[in-house]
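Asks: Sharing a structure here in structure tokens format.
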Amino acid sequence: MNLRIGLARRDEAAAIAELSRELIEGGLPWSWNAQRVRYYIENRDSAVLAARDRRRLIGFAIMEFFEERAHLSLLAVLPGYQKLGVGKRMLEWLEASARTAGIFAVHLELRAGNDGARRFYERLGYAEKGRRRGYYAGREDALCMARDLKVTSAAGPV
Ligand SMILES: CC(C)(COP(=O)(O)OP(=O)(O)OC[C@H]1O[C@@H](n2cnc3c(N)ncnc32)[C@H](O)[C@@H]1OP(=O)(O)O)[C@@H](O)C(=O)NCCC(=O)NCCS
């Protein structure tokens, strides 16, 4: 793999939206359509990352930056490329951007049934903070997780 991580281009919005529907929003109404993804690509207060193997889009992530916290809205890696460190690299890229902006708290929600993603985030230093009932279209709960970027652990990235 020739992994490159960088900001997504406007013309990648539709492909990212399709991957979100397929890999993250399965069984839920499609909320991250191309128009919404494009908005985040263009917005100064958010970053949309694309992970590419040569020219192929193999993963993406969206983070919003607020005054004192950042919110990870989406993160996914194509099934054939999972468990190879791509998700970790994207998250580290975004966390470094947050730190540079003087932001030291990252929050996220994930589908309560997504055990694999929960373990991934735990591995990267995120802790469970609570649960939001019916957060996903009234159909599924969300687990809320967060990481304090000032705290480093032996298991997590520095
Ligand atoms: C969750 C997801 C983003 C992880 O990305 P990834 O590229 O496969 O993860 P990485 O290879 O970077 O893994 C980083 C660490 O997490 C661990 N990890 C990753 N997936 C895991 C899983 N399903 N179960 C347990 N641990 C896992 C890895 O073993 C690795 O640990 P290590 O540093 O000790 O080796 C990916 O599985 C995915 O896209 N899933 C579908 C979409 C999704 O659920 N997105 C998250 C909700 S928005």
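Here, A, B, ... name the chains of the structure tokens in the order displayed, residue numbers run from 1 inside each chain, and ligands are numbered from 1 in the same displayed order.
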Could you give me, as a short mmCIF file (atom, residue, chain, number, x, y, z; two decimals) with N, CA, C and O atoms, in the first residue's frame, every polymer residue with an atom at most 6 Å away from an atom of ligand 1, counting only C-alpha atoms and all ligand atoms?

Replies:
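This went into result_19.cif:
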data_model
loop_
_atom_site.label_atom_id
_atom_site.label_comp_id
_atom_site.auth_asym_id
_atom_site.auth_seq_id
_atom_site.Cartn_x
_atom_site.Cartn_y
_atom_site.Cartn_z
N LEU A 23 -20.70 2.24 4.72
CA LEU A 23 -19.87 1.73 5.83
C LEU A 23 -20.30 2.21 7.21
O LEU A 23 -19.99 1.57 8.21
N ILE A 24 -21.04 3.33 7.26
CA ILE A 24 -21.38 3.90 8.57
C ILE A 24 -22.89 3.96 8.81
O ILE A 24 -23.36 3.66 9.90
N LEU A 74 -17.27 11.70 11.30
CA LEU A 74 -17.26 10.46 10.50
C LEU A 74 -15.82 9.95 10.38
O LEU A 74 -14.88 10.75 10.32
N LEU A 75 -15.69 8.63 10.33
CA LEU A 75 -14.38 8.01 10.07
C LEU A 75 -14.64 6.61 9.55
O LEU A 75 -15.37 5.84 10.17
N ALA A 76 -14.08 6.30 8.42
CA ALA A 76 -14.25 4.93 7.90
C ALA A 76 -13.12 4.58 6.96
O ALA A 76 -12.50 5.45 6.33
N VAL A 77 -12.87 3.28 6.90
CA VAL A 77 -11.82 2.73 6.04
C VAL A 77 -12.45 1.58 5.25
O VAL A 77 -13.23 0.79 5.81
N GLN A 82 -8.86 -2.33 6.21
CA GLN A 82 -8.97 -2.16 7.66
C GLN A 82 -7.88 -2.94 8.39
O GLN A 82 -7.30 -3.87 7.85
N LYS A 83 -7.62 -2.52 9.63
CA LYS A 83 -6.61 -3.15 10.50
C LYS A 83 -5.20 -3.02 9.94
O LYS A 83 -4.33 -3.86 10.19
N LEU A 84 -4.98 -1.99 9.16
CA LEU A 84 -3.63 -1.75 8.61
C LEU A 84 -3.08 -0.41 9.09
O LEU A 84 -2.08 0.08 8.59
N GLY A 85 -3.78 0.19 10.04
CA GLY A 85 -3.30 1.46 10.59
C GLY A 85 -3.81 2.71 9.90
O GLY A 85 -3.40 3.81 10.24
N VAL A 86 -4.71 2.56 8.91
CA VAL A 86 -5.19 3.73 8.16
C VAL A 86 -6.07 4.62 9.04
O VAL A 86 -5.90 5.85 9.09
N GLY A 87 -7.00 4.00 9.78
CA GLY A 87 -7.89 4.77 10.66
C GLY A 87 -7.09 5.53 11.71
O GLY A 87 -7.33 6.71 11.98
N LYS A 88 -6.11 4.84 12.26
CA LYS A 88 -5.25 5.45 13.28
C LYS A 88 -4.50 6.65 12.71
O LYS A 88 -4.44 7.71 13.33
N LEU A 110 -20.82 7.15 18.38
CA LEU A 110 -20.85 6.02 17.46
C LEU A 110 -22.07 5.16 17.76
O LEU A 110 -22.63 5.25 18.86
N GLY A 116 -16.63 -3.04 17.11
CA GLY A 116 -15.31 -2.92 16.50
C GLY A 116 -14.80 -1.49 16.60
O GLY A 116 -13.66 -1.24 16.99
N ALA A 117 -15.67 -0.52 16.24
CA ALA A 117 -15.27 0.89 16.30
C ALA A 117 -15.03 1.30 17.74
O ALA A 117 -14.09 2.04 18.04
N ARG A 119 -13.87 -0.51 20.15
CA ARG A 119 -12.55 -1.00 20.55
C ARG A 119 -11.43 -0.21 19.90
O ARG A 119 -10.39 0.07 20.50
N PHE A 120 -11.66 0.16 18.63
CA PHE A 120 -10.68 0.99 17.91
C PHE A 120 -10.46 2.31 18.68
O PHE A 120 -9.32 2.69 18.96
N ARG A 123 -8.67 1.86 21.96
CA ARG A 123 -7.25 1.62 21.70
C ARG A 123 -6.49 2.92 21.50
O ARG A 123 -5.32 3.05 21.80
#

Asks: Please identify which residues in stretch 35-88 of chain A DSSP calls alpha helix (DSSP H) from the backbone, and express them as a ChimeraX atom specification.

Replies: /A:35-42,86-88

Asks: Counting only C-alpha atoms, figure out which residue out of A:Ala112, A:Leu149, A:Ala142, A:Arg118 gets nearest to A:Leu94.

Replies: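 Going through A:Ala112, A:Leu149, A:Ala142, A:Arg118 one by one, the smallest distance to A:Leu94 is for A:Leu149.
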
Asks: Compile the contact shell of A:Tyr121 as an NGL selection string: residues with an atom at most 12 Å away, counting only C-alpha atoms, same-chain residues fewer than 2 positions apart removed.

Replies: :A and (72 or 75 or 87-88 or 91-92 or 106-110 or 114-119 or 123-128 or 143-147 or 155-157)

Asks: Quote the spacing between atom CA of A:Ala13 and atom CA of A:Val37 in Å to one decimal place.

Replies: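 Straight-line distance from atom CA of A:Ala13 to atom CA of A:Val37 works out to 5.5 Å.
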
Asks: State, in Å with one decimal place, the distance from atom CA of A:Val151 to atom CA of A:Met63.

Replies: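 These two atoms are separated by 19.9 Å.
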
Asks: With a distance cut-off of 6 Å and only C-alpha atoms, select the neighbouring residues of A:Ile62, excluding the residue or stretch itself and same-chain residues fewer than 3 positions from it, and output the selection as a list in words.

Replies: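 Answer for this query is Ala47, Val48, Ser73 and Leu74 of chain A.
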
Asks: Would you put the residues from that selection into a file with all heavy atoms, as a CSV table (one decimal), in the first residue's frame?

Replies:
chain,number,residue,atom,x,y,z
A,47,ALA,N,-12.5,19.8,8.9
A,47,ALA,CA,-11.5,19.2,7.9
A,47,ALA,C,-12.1,17.9,7.5
A,47,ALA,O,-12.6,17.1,8.3
A,47,ALA,CB,-10.2,19.0,8.7
A,48,VAL,N,-12.0,17.7,6.2
A,48,VAL,CA,-12.4,16.4,5.6
A,48,VAL,C,-11.1,15.8,5.0
A,48,VAL,O,-10.5,16.3,4.2
A,48,VAL,CB,-13.5,16.6,4.5
A,48,VAL,CG1,-13.8,15.2,3.9
A,48,VAL,CG2,-14.7,17.3,5.0
A,73,SER,N,-16.9,13.6,13.3
A,73,SER,CA,-18.2,13.3,12.8
A,73,SER,C,-18.3,12.0,12.1
A,73,SER,O,-19.3,11.3,12.1
A,73,SER,CB,-18.7,14.4,11.9
A,73,SER,OG,-18.7,15.6,12.7
A,74,LEU,N,-17.3,11.7,11.3
A,74,LEU,CA,-17.3,10.5,10.5
A,74,LEU,C,-15.8,10.0,10.4
A,74,LEU,O,-14.9,10.7,10.3
A,74,LEU,CB,-17.7,10.7,9.1
A,74,LEU,CG,-19.2,11.1,8.8
A,74,LEU,CD1,-19.4,11.2,7.3
A,74,LEU,CD2,-20.2,10.0,9.3

Asks: Would you list the contacts of A:Glu18 as an MDAnalysis selection string, taking every protein, DNA or RNA residue within 12 Å and counting only C-alpha atoms, but skipping same-chain residues closer than 5 positions in sequence?

Replies: chainID A and resid 12:13 23:26 30:37 57 59:60 76 78

Asks: Env of A:Ala98: 10 Å cut, atoms = only C-alpha atoms, seq-sep filter 3 positions within chain, self excluded. Answer as a list in words.

Replies: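 The contact residues come out as Met63, Glu64, Phe65, Phe66, Glu68, Arg69, Ala70, His71, Glu92, Trp93, Leu94, Glu95, Ala101, Gly102, Ile103, Phe104, Ala105, Val106 and Leu149 of chain A.
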
Asks: Selection from above, N, CA and C atoms, as a compact mmCIF listing (two decimals), in the first residue's frame, can you write it?

Replies:
# COMPACT_ATOMS: atom_id res chain seq x y z
N MET A 63 -13.84 16.06 10.71
CA MET A 63 -13.79 16.63 12.05
C MET A 63 -14.21 18.09 12.01
N GLU A 64 -14.99 18.49 13.02
CA GLU A 64 -15.38 19.89 13.17
C GLU A 64 -14.61 20.48 14.35
N PHE A 65 -14.14 21.70 14.19
CA PHE A 65 -13.36 22.35 15.24
C PHE A 65 -14.19 23.49 15.84
N PHE A 66 -14.42 23.39 17.13
CA PHE A 66 -15.13 24.45 17.84
C PHE A 66 -14.12 25.20 18.71
N GLU A 68 -13.46 25.15 21.97
CA GLU A 68 -12.67 24.42 22.97
C GLU A 68 -12.67 22.92 22.78
N ARG A 69 -13.37 22.48 21.76
CA ARG A 69 -13.39 21.04 21.52
C ARG A 69 -13.51 20.75 20.03
N ALA A 70 -13.12 19.56 19.67
CA ALA A 70 -13.30 19.13 18.28
C ALA A 70 -14.27 17.95 18.30
N HIS A 71 -15.00 17.81 17.22
CA HIS A 71 -15.97 16.72 17.13
C HIS A 71 -15.66 15.87 15.92
N GLU A 92 -4.90 10.45 14.05
CA GLU A 92 -3.72 11.16 14.56
C GLU A 92 -3.52 12.49 13.81
N TRP A 93 -3.76 12.47 12.52
CA TRP A 93 -3.64 13.69 11.69
C TRP A 93 -4.61 14.75 12.23
N LEU A 94 -5.85 14.34 12.47
CA LEU A 94 -6.86 15.30 12.94
C LEU A 94 -6.58 15.76 14.36
N GLU A 95 -6.10 14.86 15.20
CA GLU A 95 -5.78 15.25 16.58
C GLU A 95 -4.62 16.25 16.59
N ALA A 101 -4.42 23.97 16.87
CA ALA A 101 -5.42 25.04 17.02
C ALA A 101 -5.68 25.34 18.50
N GLY A 102 -4.95 24.67 19.40
CA GLY A 102 -5.14 24.92 20.83
C GLY A 102 -6.37 24.23 21.39
N ILE A 103 -6.80 23.18 20.72
CA ILE A 103 -7.99 22.42 21.16
C ILE A 103 -7.51 21.08 21.71
N PHE A 104 -7.93 20.76 22.92
CA PHE A 104 -7.39 19.56 23.57
C PHE A 104 -8.45 18.55 23.97
N ALA A 105 -9.65 18.68 23.43
CA ALA A 105 -10.70 17.69 23.72
C ALA A 105 -11.34 17.27 22.41
N VAL A 106 -11.43 15.96 22.20
CA VAL A 106 -12.11 15.45 21.00
C VAL A 106 -13.29 14.59 21.45
N LEU A 149 -6.68 15.36 24.94
CA LEU A 149 -5.41 15.30 24.20
C LEU A 149 -4.21 15.70 25.05

Asks: Run DSSP on the backbone and give me the residues of stretch 23-142 of chain A it puts in strand (DSSP E or B), as a ChimeraX atom specification.

Replies: /A:46-53,56-65,70-77,105-111,127-136,140-142
